[in-house]
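Q: Contents of target35.cif (mmCIF, C-alpha atoms and all ligand atoms; chains and numbers go by the auth columns):
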data_start
loop_
_atom_site.group_PDB
_atom_site.id
_atom_site.type_symbol
_atom_site.label_atom_id
_atom_site.label_comp_id
_atom_site.label_asym_id
_atom_site.label_seq_id
_atom_site.Cartn_x
_atom_site.Cartn_y
_atom_site.Cartn_z
_atom_site.B_iso_or_equiv
_atom_site.auth_seq_id
_atom_site.auth_asym_id
ATOM 1 C CA MET A 1 41.842 39.417 119.284 0.00 944 N
ATOM 2 C CA SER A 2 42.752 36.115 117.716 0.00 945 N
ATOM 3 C CA CYS A 3 45.830 35.846 119.947 0.00 946 N
ATOM 4 C CA TYR A 4 43.738 36.491 123.061 0.00 947 N
ATOM 5 C CA GLY A 5 41.068 33.964 122.099 0.00 948 N
ATOM 6 C CA GLU A 6 38.402 36.615 121.486 0.00 949 N
ATOM 7 C CA LEU A 7 38.179 35.520 117.867 0.00 950 N
ATOM 8 C CA GLU A 8 38.949 32.177 116.245 0.00 951 N
ATOM 9 C CA ARG A 9 42.596 31.326 115.865 0.00 952 N
ATOM 10 C CA ILE A 10 44.068 32.503 112.571 0.00 953 N
ATOM 11 C CA ASP A 11 46.857 30.654 110.740 0.00 954 N
ATOM 12 C CA ALA A 12 48.882 33.752 109.893 0.00 955 N
ATOM 13 C CA ALA A 13 48.767 37.491 109.270 0.00 956 N
ATOM 14 C CA ILE A 14 50.335 39.231 106.276 0.00 957 N
ATOM 15 C CA PHE A 15 51.786 42.729 106.051 0.00 958 N
ATOM 16 C CA ALA A 16 52.394 44.138 102.571 0.00 959 N
ATOM 17 C CA ASP A 17 55.313 46.544 102.743 0.00 960 N
ATOM 18 C CA THR A 18 55.540 49.285 100.098 0.00 961 N
ATOM 19 C CA GLN A 19 58.786 50.305 101.853 0.00 962 N
ATOM 20 C CA TRP A 20 57.431 53.835 102.257 0.00 963 N
ATOM 21 C CA GLU A 21 55.403 53.422 105.423 0.00 964 N
ATOM 22 C CA THR A 22 55.903 55.705 108.409 0.00 965 N
ATOM 23 C CA LYS A 23 58.305 54.863 111.224 0.00 966 N
ATOM 24 C CA ALA A 24 55.241 54.600 113.477 0.00 967 N
ATOM 25 C CA THR A 25 53.866 51.781 111.302 0.00 968 N
ATOM 26 C CA TYR A 26 57.161 49.884 111.305 0.00 969 N
ATOM 27 C CA ARG A 27 57.371 50.263 115.093 0.00 970 N
ATOM 28 C CA TRP A 28 53.830 48.935 115.355 0.00 971 N
ATOM 29 C CA LEU A 29 54.636 45.997 113.086 0.00 972 N
ATOM 30 C CA LYS A 30 57.608 45.099 115.255 0.00 973 N
ATOM 31 C CA PHE A 31 55.404 45.211 118.336 0.00 974 N
ATOM 32 C CA LEU A 32 52.735 43.036 116.666 0.00 975 N
ATOM 33 C CA LYS A 33 55.300 40.512 115.479 0.00 976 N
ATOM 34 C CA ASN A 34 56.722 40.136 119.011 0.00 977 N
ATOM 35 C CA GLU A 35 53.271 39.936 120.567 0.00 978 N
ATOM 36 C CA SER A 36 51.821 37.402 118.124 0.00 979 N
ATOM 37 C CA LYS A 37 54.947 35.248 118.379 0.00 980 N
ATOM 38 C CA LYS A 38 54.035 34.575 122.014 0.00 981 N
ATOM 39 C CA TYR A 39 50.811 32.999 120.770 0.00 982 N
ATOM 40 C CA GLY A 40 52.374 31.105 117.878 0.00 983 N
ATOM 41 C CA ILE A 41 50.730 33.178 115.141 0.00 984 N
ATOM 42 C CA PRO A 42 53.256 34.263 112.493 0.00 985 N
ATOM 43 C CA ILE A 43 53.113 37.661 110.764 0.00 986 N
ATOM 44 C CA HIS A 44 54.619 37.471 107.293 0.00 987 N
ATOM 45 C CA THR A 45 55.927 40.498 105.396 0.00 988 N
ATOM 46 C CA VAL A 46 55.629 40.553 101.619 0.00 989 N
ATOM 47 C CA LYS A 47 57.229 43.230 99.480 0.00 990 N
ATOM 48 C CA GLN A 48 58.051 44.017 95.905 0.00 991 N
ATOM 49 C CA GLY A 49 59.966 47.226 95.307 0.00 992 N
ATOM 50 C CA ASN A 50 59.888 50.604 96.958 0.00 993 N
ATOM 51 C CA ILE A 51 56.846 52.553 95.816 0.00 994 N
ATOM 52 C CA LYS A 52 58.527 55.952 96.145 0.00 995 N
ATOM 53 C CA GLU A 53 61.774 54.968 94.435 0.00 996 N
ATOM 54 C CA ASP A 54 59.903 53.168 91.645 0.00 997 N
ATOM 55 C CA ALA A 55 57.694 56.203 90.982 0.00 998 N
ATOM 56 C CA LEU A 56 60.721 58.508 90.838 0.00 999 N
ATOM 57 C CA ILE A 57 62.872 56.181 88.725 0.00 1000 N
ATOM 58 C CA SER A 58 60.130 55.473 86.201 0.00 1001 N
ATOM 59 C CA GLN A 59 58.565 58.899 85.909 0.00 1002 N
ATOM 60 C CA VAL A 60 60.825 61.770 86.829 0.00 1003 N
ATOM 61 C CA ARG A 61 62.996 63.325 84.153 0.00 1004 N
ATOM 62 C CA GLY A 62 66.677 62.928 85.007 0.00 1005 N
ATOM 63 C CA LEU A 63 66.013 59.857 87.134 0.00 1006 N
ATOM 64 C CA LYS A 64 64.038 57.979 84.517 0.00 1007 N
ATOM 65 C CA LYS A 65 65.255 54.521 83.485 0.00 1008 N
ATOM 66 C CA ASP A 66 63.749 52.576 80.612 0.00 1009 N
ATOM 67 C CA GLY A 67 61.869 49.395 81.340 0.00 1010 N
ATOM 68 C CA VAL A 68 60.867 50.300 84.890 0.00 1011 N
ATOM 69 C CA ARG A 69 57.166 49.761 85.312 0.00 1012 N
ATOM 70 C CA TRP A 70 55.193 52.399 87.163 0.00 1013 N
ATOM 71 C CA ALA A 71 52.312 51.155 89.269 0.00 1014 N
ATOM 72 C CA SER A 72 50.568 54.466 89.441 0.00 1015 N
ATOM 73 C CA MET A 73 49.581 56.173 92.650 0.00 1016 N
ATOM 74 C CA PRO A 74 46.249 58.048 92.673 0.00 1017 N
ATOM 75 C CA LEU A 75 47.856 61.456 92.057 0.00 1018 N
ATOM 76 C CA PHE A 76 45.788 64.586 91.448 0.00 1019 N
ATOM 77 C CA THR A 77 46.227 66.252 88.076 0.00 1020 N
ATOM 78 C CA LEU A 78 45.787 69.827 86.898 0.00 1021 N
ATOM 79 C CA GLY A 79 45.697 70.347 83.144 0.00 1022 N
ATOM 80 C CA PRO A 80 46.997 73.420 81.276 0.00 1023 N
ATOM 81 C CA ASN A 81 43.448 74.815 81.076 0.00 1024 N
ATOM 82 C CA GLY A 82 42.645 74.122 84.702 0.00 1025 N
ATOM 83 C CA GLU A 83 41.117 70.652 84.069 0.00 1026 N
ATOM 84 C CA LYS A 84 41.126 68.574 87.231 0.00 1027 N
ATOM 85 C CA GLY A 85 41.625 64.833 87.236 0.00 1028 N
ATOM 86 C CA MET A 86 43.122 61.926 89.073 0.00 1029 N
ATOM 87 C CA ILE A 87 45.455 59.156 87.971 0.00 1030 N
ATOM 88 C CA ARG A 88 44.081 55.625 88.102 0.00 1031 N
ATOM 89 C CA ARG A 89 45.330 53.781 91.169 0.00 1032 N
ATOM 90 C CA GLN A 90 47.338 50.640 90.464 0.00 1033 N
ATOM 91 C CA CYS A 91 49.619 50.766 93.511 0.00 1034 N
ATOM 92 C CA THR A 92 47.388 48.860 95.941 0.00 1035 N
ATOM 93 C CA TYR A 93 47.249 45.879 93.606 0.00 1036 N
ATOM 94 C CA GLU A 94 50.868 45.996 92.432 0.00 1037 N
ATOM 95 C CA TYR A 95 52.483 46.562 95.828 0.00 1038 N
ATOM 96 C CA LYS A 96 50.023 44.832 98.124 0.00 1039 N
ATOM 97 C CA ILE A 97 47.144 42.640 96.903 0.00 1040 N
ATOM 98 C CA ARG A 98 49.167 40.749 94.305 0.00 1041 N
ATOM 99 C CA TRP A 99 51.879 39.685 96.801 0.00 1042 N
ATOM 100 C CA ILE A 100 49.433 39.056 99.618 0.00 1043 N
ATOM 101 C CA LYS A 101 47.520 36.647 97.363 0.00 1044 N
ATOM 102 C CA LYS A 102 50.722 34.910 96.383 0.00 1045 N
ATOM 103 C CA LYS A 103 51.556 34.384 100.046 0.00 1046 N
ATOM 104 C CA GLN A 104 48.022 33.213 100.848 0.00 1047 N
ATOM 105 C CA ARG A 105 48.325 30.585 98.131 0.00 1048 N
ATOM 106 C CA LEU A 106 51.644 29.390 99.581 0.00 1049 N
ATOM 107 C CA ILE A 107 50.315 29.307 103.147 0.00 1050 N
ATOM 108 C CA ALA A 108 47.356 27.251 101.909 0.00 1051 N
ATOM 109 C CA GLY A 109 49.869 24.841 100.355 0.00 1052 N
ATOM 110 C CA TYR A 110 49.185 25.489 96.645 0.00 1053 N
ATOM 111 C CA LYS A 111 51.918 26.023 94.085 0.00 1054 N
ATOM 112 C CA PRO A 112 51.619 28.853 91.531 0.00 1055 N
ATOM 113 C CA ARG A 113 48.927 28.193 88.885 0.00 1056 N
ATOM 114 C CA LYS A 114 47.574 25.138 90.728 0.00 1057 N
ATOM 115 C CA ARG A 115 43.784 25.243 91.005 0.00 1058 N
ATOM 116 C CA ILE A 116 42.577 26.027 94.513 0.00 1059 N
ATOM 117 C CA PRO A 117 39.114 24.756 95.500 0.00 1060 N
ATOM 118 C CA PRO A 118 36.503 27.429 96.240 0.00 1061 N
ATOM 119 C CA GLY A 119 36.418 28.804 99.780 0.00 1062 N
ATOM 120 C CA THR A 120 39.869 27.407 100.707 0.00 1063 N
ATOM 121 C CA VAL A 121 41.172 30.627 102.252 0.00 1064 N
ATOM 122 C CA GLU A 122 39.306 32.926 104.608 0.00 1065 N
ATOM 123 C CA VAL A 123 40.801 36.406 104.611 0.00 1066 N
ATOM 124 C CA TRP A 124 40.046 38.662 107.555 0.00 1067 N
ATOM 125 C CA MET A 125 40.214 42.414 107.197 0.00 1068 N
ATOM 126 C CA GLY A 126 40.102 44.877 110.062 0.00 1069 N
ATOM 127 C CA ILE A 127 37.482 47.274 108.770 0.00 1070 N
ATOM 128 C CA SER A 128 35.342 48.873 111.485 0.00 1071 N
ATOM 129 C CA THR A 129 31.653 49.775 111.237 0.00 1072 N
ATOM 130 C CA ASP A 130 32.378 53.456 110.537 0.00 1073 N
ATOM 131 C CA GLU A 131 34.095 52.490 107.302 0.00 1074 N
ATOM 132 C CA ALA A 132 31.727 49.665 106.346 0.00 1075 N
ATOM 133 C CA ASN A 133 31.460 51.107 102.829 0.00 1076 N
ATOM 134 C CA ARG A 134 34.938 49.652 102.188 0.00 1077 N
ATOM 135 C CA THR A 135 33.801 46.037 102.548 0.00 1078 N
ATOM 136 C CA LYS A 136 33.693 43.939 99.392 0.00 1079 N
ATOM 137 C CA ILE A 137 33.028 40.433 98.133 0.00 1080 N
ATOM 138 C CA SER A 138 36.102 38.544 96.928 0.00 1081 N
ATOM 139 C CA ASN A 139 36.626 38.249 93.169 0.00 1082 N
ATOM 140 C CA ASP A 140 38.490 34.968 93.647 0.00 1083 N
ATOM 141 C CA LYS A 141 36.416 31.865 94.273 0.00 1084 N
ATOM 142 C CA TRP A 142 39.142 30.352 96.476 0.00 1085 N
ATOM 143 C CA ILE A 143 39.078 33.342 98.834 0.00 1086 N
ATOM 144 C CA ASP A 144 36.231 34.382 101.134 0.00 1087 N
ATOM 145 C CA PHE A 145 36.455 37.767 102.815 0.00 1088 N
ATOM 146 C CA TYR A 146 35.459 38.121 106.433 0.00 1089 N
ATOM 147 C CA TYR A 147 35.185 41.336 108.424 0.00 1090 N
ATOM 148 C CA PRO A 148 35.281 40.415 112.137 0.00 1091 N
ATOM 149 C CA LEU A 149 34.995 44.010 113.415 0.00 1092 N
ATOM 150 C CA ILE A 150 31.804 44.517 111.415 0.00 1093 N
ATOM 151 C CA ASP A 151 30.387 41.298 112.882 0.00 1094 N
ATOM 152 C CA LEU A 152 31.270 42.518 116.364 0.00 1095 N
ATOM 153 C CA ARG A 153 29.745 45.935 115.511 0.00 1096 N
ATOM 154 C CA MET A 154 32.972 47.666 116.546 0.00 1097 N
ATOM 155 C CA THR A 155 33.675 51.271 115.574 0.00 1098 N
ATOM 156 C CA ARG A 156 37.150 52.722 115.208 0.00 1099 N
ATOM 157 C CA LEU A 157 36.811 54.173 118.720 0.00 1100 N
ATOM 158 C CA ASP A 158 35.778 50.762 120.110 0.00 1101 N
ATOM 159 C CA CYS A 159 38.997 49.365 118.597 0.00 1102 N
ATOM 160 C CA LEU A 160 41.123 52.049 120.249 0.00 1103 N
ATOM 161 C CA ASN A 161 39.349 51.426 123.566 0.00 1104 N
ATOM 162 C CA TRP A 162 39.973 47.697 123.191 0.00 1105 N
ATOM 163 C CA PHE A 163 43.732 48.368 123.017 0.00 1106 N
ATOM 164 C CA LYS A 164 43.506 50.722 126.004 0.00 1107 N
ATOM 165 C CA LYS A 165 41.686 48.144 128.136 0.00 1108 N
ATOM 166 C CA LYS A 166 44.369 45.604 127.339 0.00 1109 N
ATOM 167 C CA ASN A 167 47.101 48.125 128.242 0.00 1110 N
ATOM 168 C CA LEU A 168 48.473 47.857 124.730 0.00 1111 N
ATOM 169 C CA PRO A 169 49.894 50.789 122.744 0.00 1112 N
ATOM 170 C CA GLU A 170 47.656 52.679 120.318 0.00 1113 N
ATOM 171 C CA PRO A 171 47.925 51.461 116.712 0.00 1114 N
ATOM 172 C CA PRO A 172 48.763 54.031 114.024 0.00 1115 N
ATOM 173 C CA ARG A 173 46.975 54.099 110.653 0.00 1116 N
ATOM 174 C CA SER A 174 49.046 52.447 107.994 0.00 1117 N
ATOM 175 C CA ALA A 175 49.585 54.089 104.590 0.00 1118 N
ATOM 176 C CA CYS A 176 52.474 55.227 102.403 0.00 1119 N
ATOM 177 C CA ILE A 177 54.099 58.456 103.636 0.00 1120 N
ATOM 178 C CA GLY A 178 53.077 60.285 100.474 0.00 1121 N
ATOM 179 C CA CYS A 179 49.712 58.611 99.853 0.00 1122 N
ATOM 180 C CA PRO A 180 47.411 61.046 98.024 0.00 1123 N
ATOM 181 C CA TYR A 181 44.467 59.613 100.009 0.00 1124 N
ATOM 182 C CA HIS A 182 45.737 61.217 103.218 0.00 1125 N
ATOM 183 C CA HIS A 183 43.275 63.643 104.716 0.00 1126 N
ATOM 184 C CA ASP A 184 44.368 66.971 106.089 0.00 1127 N
ATOM 185 C CA PHE A 185 44.381 65.764 109.682 0.00 1128 N
ATOM 186 C CA GLU A 186 46.870 63.047 108.657 0.00 1129 N
ATOM 187 C CA TRP A 187 49.085 65.512 106.780 0.00 1130 N
ATOM 188 C CA ARG A 188 48.962 67.832 109.784 0.00 1131 N
ATOM 189 C CA LYS A 189 49.875 64.977 112.139 0.00 1132 N
ATOM 190 C CA LEU A 190 52.804 64.016 109.908 0.00 1133 N
ATOM 191 C CA LYS A 191 53.973 67.633 109.700 0.00 1134 N
ATOM 192 C CA ASN A 192 53.764 68.181 113.472 0.00 1135 N
ATOM 193 C CA GLU A 193 54.941 64.830 114.731 0.00 1136 N
ATOM 194 C CA SER A 194 57.354 63.629 112.090 0.00 1137 N
ATOM 195 C CA PRO A 195 59.032 66.565 110.296 0.00 1138 N
ATOM 196 C CA GLU A 196 61.479 64.305 108.436 0.00 1139 N
ATOM 197 C CA GLU A 197 58.704 62.214 106.929 0.00 1140 N
ATOM 198 C CA TRP A 198 56.730 65.357 106.145 0.00 1141 N
ATOM 199 C CA GLN A 199 59.770 66.716 104.277 0.00 1142 N
ATOM 200 C CA ASP A 200 60.066 63.419 102.419 0.00 1143 N
ATOM 201 C CA ALA A 201 56.438 63.787 101.228 0.00 1144 N
ATOM 202 C CA VAL A 202 57.000 67.458 100.298 0.00 1145 N
ATOM 203 C CA GLU A 203 60.055 66.547 98.193 0.00 1146 N
ATOM 204 C CA PHE A 204 58.259 63.676 96.513 0.00 1147 N
ATOM 205 C CA ASP A 205 55.365 66.001 95.666 0.00 1148 N
ATOM 206 C CA LYS A 206 57.789 68.450 94.059 0.00 1149 N
ATOM 207 C CA ALA A 207 59.579 65.702 92.122 0.00 1150 N
ATOM 208 C CA ILE A 208 56.446 64.253 90.515 0.00 1151 N
ATOM 209 C CA ARG A 209 55.063 67.621 89.356 0.00 1152 N
ATOM 210 C CA LYS A 210 55.975 66.968 85.723 0.00 1153 N
ATOM 211 C CA CYS A 211 55.687 63.212 85.438 0.00 1154 N
ATOM 212 C CA GLY A 212 56.887 61.859 82.121 0.00 1155 N
ATOM 213 C CA GLY A 213 54.186 61.500 79.480 0.00 1156 N
ATOM 214 C CA MET A 214 51.492 63.268 81.515 0.00 1157 N
ATOM 215 C CA ARG A 215 49.632 66.333 80.322 0.00 1158 N
ATOM 216 C CA GLY A 216 49.532 68.961 83.057 0.00 1159 N
ATOM 217 C CA ASP A 217 50.923 68.846 86.586 0.00 1160 N
ATOM 218 C CA MET A 218 50.696 66.154 89.272 0.00 1161 N
ATOM 219 C CA PHE A 219 50.134 66.735 92.984 0.00 1162 N
ATOM 220 C CA ILE A 220 49.726 64.554 96.047 0.00 1163 N
ATOM 221 C CA HIS A 221 47.184 66.898 97.643 0.00 1164 N
ATOM 222 C CA PRO A 222 43.671 67.433 96.171 0.00 1165 N
ATOM 223 C CA ALA A 223 44.132 71.219 96.436 0.00 1166 N
ATOM 224 C CA ARG A 224 46.499 70.755 93.472 0.00 1167 N
ATOM 225 C CA ILE A 225 49.099 73.090 94.915 0.00 1168 N
ATOM 226 C CA PRO A 226 52.497 72.162 96.405 0.00 1169 N
ATOM 227 C CA LEU A 227 52.020 70.181 99.614 0.00 1170 N
ATOM 228 C CA ASP A 228 54.002 72.664 101.734 0.00 1171 N
ATOM 229 C CA GLU A 229 51.686 75.490 100.598 0.00 1172 N
ATOM 230 C CA VAL A 230 48.439 73.760 101.573 0.00 1173 N
ATOM 231 C CA ASP A 231 46.483 75.264 104.452 0.00 1174 N
ATOM 232 C CA LEU A 232 45.990 72.197 106.621 0.00 1175 N
ATOM 233 C CA ARG A 233 43.643 73.886 109.082 0.00 1176 N
ATOM 234 C CA ASN A 234 40.578 72.497 107.378 0.00 1177 N
ATOM 235 C CA ALA A 235 37.268 72.203 109.268 0.00 1178 N
ATOM 236 C CA LYS A 236 36.075 69.441 106.920 0.00 1179 N
ATOM 237 C CA ASP A 237 38.553 66.963 108.302 0.00 1180 N
ATOM 238 C CA HIS A 238 36.458 66.584 111.458 0.00 1181 N
ATOM 239 C CA GLY A 239 33.857 64.488 109.596 0.00 1182 N
ATOM 240 C CA GLN A 240 34.652 60.858 110.427 0.00 1183 N
ATOM 241 C CA LEU A 241 32.701 59.091 107.684 0.00 1184 N
ATOM 242 C CA SER A 242 34.215 61.036 104.821 0.00 1185 N
ATOM 243 C CA LEU A 243 37.678 60.100 106.036 0.00 1186 N
ATOM 244 C CA PHE A 244 37.643 56.661 104.539 0.00 1187 N
ATOM 245 C CA SER A 245 35.483 56.769 101.449 0.00 1188 N
ATOM 246 C CA ASP A 246 38.356 57.191 98.992 0.00 1189 N
ATOM 247 C CA GLU A 247 40.596 54.459 100.267 0.00 1190 N
ATOM 248 C CA CYS A 248 41.185 51.064 98.790 0.00 1191 N
ATOM 249 C CA ALA A 249 39.088 48.169 99.989 0.00 1192 N
ATOM 250 C CA GLY A 250 40.498 46.863 103.222 0.00 1193 N
ATOM 251 C CA ILE A 251 44.150 47.058 102.288 0.00 1194 N
ATOM 252 C CA CYS A 252 45.526 50.588 102.670 0.00 1195 N
ATOM 253 C CA GLY A 253 44.802 52.800 105.664 0.00 1196 N
ATOM 254 C CA VAL A 254 43.567 50.000 107.951 0.00 1197 N
HETATM 255 S S1 LIG B . 48.741 53.697 100.845 0.00 1201 Y
HETATM 256 FE FE1 LIG B . 48.184 55.011 99.074 0.00 1201 Y
HETATM 257 S S2 LIG B . 50.037 55.176 97.852 0.00 1201 Y
HETATM 258 FE FE2 LIG B . 50.322 53.434 99.247 0.00 1201 Y
HETATM 259 S S3 LIG B . 49.659 51.644 98.102 0.00 1201 Y
HETATM 260 FE FE3 LIG B . 47.853 52.376 99.227 0.00 1201 Y
HETATM 261 S S4 LIG B . 46.796 53.802 97.839 0.00 1201 Y
HETATM 262 FE FE4 LIG B . 48.875 53.456 97.021 0.00 1201 Y
#
Would you mind giving the structure from this file in structure tokens?
Ligand code: SF4
A:
Amino acid sequence: MSCYGELERIDAAIFADTQWETKATYRWLKFLKNESKKYGIPIHTVKQGNIKEDALISQVRGLKKDGVRWASMPLFTLGPNGEKGMIRRQCTYEYKIRWIKKKQRLIAGYKPRKRIPPGTVEVWMGISTDEANRTKISNDKWIDFYYPLIDLRMTRLDCLNWFKKKNLPEPPRSACIGCPYHHDFEWRKLKNESPEEWQDAVEFDKAIRKCGGMRGDMFIHPARIPLDEVDLRNAKDHGQLSLFSDECAGICGV
């Protein structure tokens, strides 16, 4: 919208790559980069490690290497007496927010640790009105968050229609292949449309079952059974609002 003059011109866009996104997301990124180039708006990619490899190397017996830090994914846990829990999510910060902020600082022309005056950077996030519960106020004084789709009162469907009207391809949702926040309709889509990536998620789920130092078993599906045994024909996944409530503020799944 910024490229087409329907919103103010932005200086740059940033994509945080966990290196475990779907092929559809990488295809979409390539398309966006080519498109925005025509309008002189750069899209920067920031990355630090491969979230899947790091999780396996730091946590899985046999692959484990000392000194590798694990930025935990929000995995579901099942204790020996049936206790259910969830691991605290650190991945969004460690693989995305941290590096995005670093880049924002550089784009604004400030070296590391240099004080940035309040309100220097305006960060736009593409959250639509049907997921308005994900909007937040910035914790950093130098950053102000802005949600243009909320201002324009656009729903997710309005966004898809916007792309259609412009004869542009349909954007996929972006998230790690094995993100435990996936809803059943997303798992089902992955299974039906991208069997290789589905298999990748199934194998990851198996590998993290007995993560080092954890009491009980870990799963990437809330049913707390192996991913390939989950019945994905779930009526609940038709509810739109519930689809987004567990995701991280404005960063993953947009
Ligand atoms: S998409 Fe999921 S697994 Fe990936 S960084 Fe975000 S919360 Fe973590």
Q: With the PyMOL selection byres (((chain N and resi 948-953) around 10) and not hetatm) as the selection, what would be picked from this file? Answer as a ChimeraX atom specification, please.
A: /N:944-947,954-956,982-985,1065-1067,1091,1095
Q: Kindly work out which residues sit at most 10 Å from ligand LIG 1201 (chain Y), using all atoms listed in the file, and give the list as a PyMOL selection string.
A: chain N and resi 959-964+994-995+1014-1018+1032-1040+1116-1125+1163+1189-1192+1194-1197
Q: Point out the residue among N:Asp1101, N:Lys1057, N:Asp1148, N:Asp1073 with the least atom-to-atom distance to Asp1160 (chain N), counting all atoms listed in the file.
A: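 Closest to Asp1160 (chain N) of all the choices is N:Asp1148.
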Q: Provide the CA of Thr1078 (chain N) to CA of Arg1048 (chain N) distance in Å, to one decimal place.
A: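 Spanning CA of Thr1078 (chain N) to CA of Arg1048 (chain N) is a straight-line distance of 21.7 Å.
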Q: Give the answer as one residue: which of N:Leu975, N:Val1145, N:Leu1133, N:Ile957 has the shortest atom-to-atom distance to Lys1044 (chain N), using all atoms listed in the file?
A: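 Smallest distance to Lys1044 (chain N) is found for N:Ile957.
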Q: Do you know which residues are at most 10 Å from Ile1086 (chain N) counting all atoms listed in the file, after dropping those on the same chain fewer than 3 positions away, and could you put them as an mmCIF file with C-alpha atoms, keeping the file's coordinate frame?
A:
data_model
loop_
_atom_site.group_PDB
_atom_site.id
_atom_site.type_symbol
_atom_site.label_atom_id
_atom_site.label_comp_id
_atom_site.auth_asym_id
_atom_site.auth_seq_id
_atom_site.Cartn_x
_atom_site.Cartn_y
_atom_site.Cartn_z
ATOM 1 C CA LYS N 1044 47.520 36.647 97.363
ATOM 2 C CA GLN N 1047 48.022 33.213 100.848
ATOM 3 C CA ARG N 1048 48.325 30.585 98.131
ATOM 4 C CA ILE N 1059 42.577 26.027 94.513
ATOM 5 C CA PRO N 1060 39.114 24.756 95.500
ATOM 6 C CA PRO N 1061 36.503 27.429 96.240
ATOM 7 C CA GLY N 1062 36.418 28.804 99.780
ATOM 8 C CA THR N 1063 39.869 27.407 100.707
ATOM 9 C CA VAL N 1064 41.172 30.627 102.252
ATOM 10 C CA GLU N 1065 39.306 32.926 104.608
ATOM 11 C CA VAL N 1066 40.801 36.406 104.611
ATOM 12 C CA ILE N 1080 33.028 40.433 98.133
ATOM 13 C CA SER N 1081 36.102 38.544 96.928
ATOM 14 C CA ASN N 1082 36.626 38.249 93.169
ATOM 15 C CA ASP N 1083 38.490 34.968 93.647
ATOM 16 C CA TYR N 1089 35.459 38.121 106.433
#
Q: Of the residues N:Lys976, N:Lys1149, N:Asn1024, N:Lys1109, which is the one nearest to Met1161 (chain N), using all atoms listed in the file?
A: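 For Met1161 (chain N), the nearest of the given residues is N:Lys1149.
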Q: For Cys1102 (chain N), which of N:Thr1072, N:Arg1041, N:Val989, N:Asp1174 is the closest residue, counting all atoms listed in the file?
A: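 For Cys1102 (chain N), the nearest of the given residues is N:Thr1072.
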Q: Could you state the separation of CA of Glu1074 (chain N) and CA of Ile1050 (chain N) in Å, given to one decimal place?
A: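 Calculated distance between CA of Glu1074 (chain N) and CA of Ile1050 (chain N) is 28.6 Å.
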Q: For Ile1168 (chain N), which residue out of N:Lys1027, N:Lys1045, N:Arg1058, N:Lys1108 is the nearest one, using only C-alpha atoms?
A: N:Lys1027
Q: Given the block above, output region 1062-1099 of chain N with C-alpha atoms as a CSV table (one decimal), in the first residue's frame.
A:
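Done, and the output landed in out37.csv:
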chain,number,residue,atom,x,y,z
N,1062,GLY,CA,9.7,8.6,18.8
N,1063,THR,CA,12.5,8.4,16.3
N,1064,VAL,CA,11.3,5.3,14.6
N,1065,GLU,CA,7.7,4.5,13.6
N,1066,VAL,CA,7.2,0.8,13.2
N,1067,TRP,CA,4.2,-0.4,11.1
N,1068,MET,CA,2.7,-3.8,11.7
N,1069,GLY,CA,0.2,-5.5,9.4
N,1070,ILE,CA,-2.4,-6.6,11.9
N,1071,SER,CA,-5.9,-6.6,10.7
N,1072,THR,CA,-9.1,-5.7,12.7
N,1073,ASP,CA,-10.0,-9.4,13.3
N,1074,GLU,CA,-6.7,-9.8,15.3
N,1075,ALA,CA,-6.8,-6.4,17.0
N,1076,ASN,CA,-6.1,-8.1,20.3
N,1077,ARG,CA,-2.5,-8.5,19.1
N,1078,THR,CA,-1.8,-4.8,19.0
N,1079,LYS,CA,0.6,-3.4,21.7
N,1080,ILE,CA,2.3,-0.2,22.8
N,1081,SER,CA,6.0,-0.2,22.3
N,1082,ASN,CA,8.3,-0.8,25.3
N,1083,ASP,CA,11.0,1.3,23.8
N,1084,LYS,CA,10.7,5.1,23.9
N,1085,TRP,CA,12.5,5.5,20.6
N,1086,ILE,CA,9.9,3.3,18.8
N,1087,ASP,CA,6.3,4.1,18.2
N,1088,PHE,CA,4.1,1.3,16.9
N,1089,TYR,CA,1.5,2.0,14.2
N,1090,TYR,CA,-1.1,-0.4,12.8
N,1091,PRO,CA,-2.3,1.0,9.4
N,1092,LEU,CA,-4.8,-1.8,8.7
N,1093,ILE,CA,-6.5,-1.1,12.0
N,1094,ASP,CA,-6.7,2.6,11.1
N,1095,LEU,CA,-8.2,1.6,7.8
N,1096,ARG,CA,-10.6,-0.8,9.5
N,1097,MET,CA,-9.4,-3.6,7.2
N,1098,THR,CA,-10.2,-7.2,8.1
N,1099,ARG,CA,-8.1,-10.2,6.9
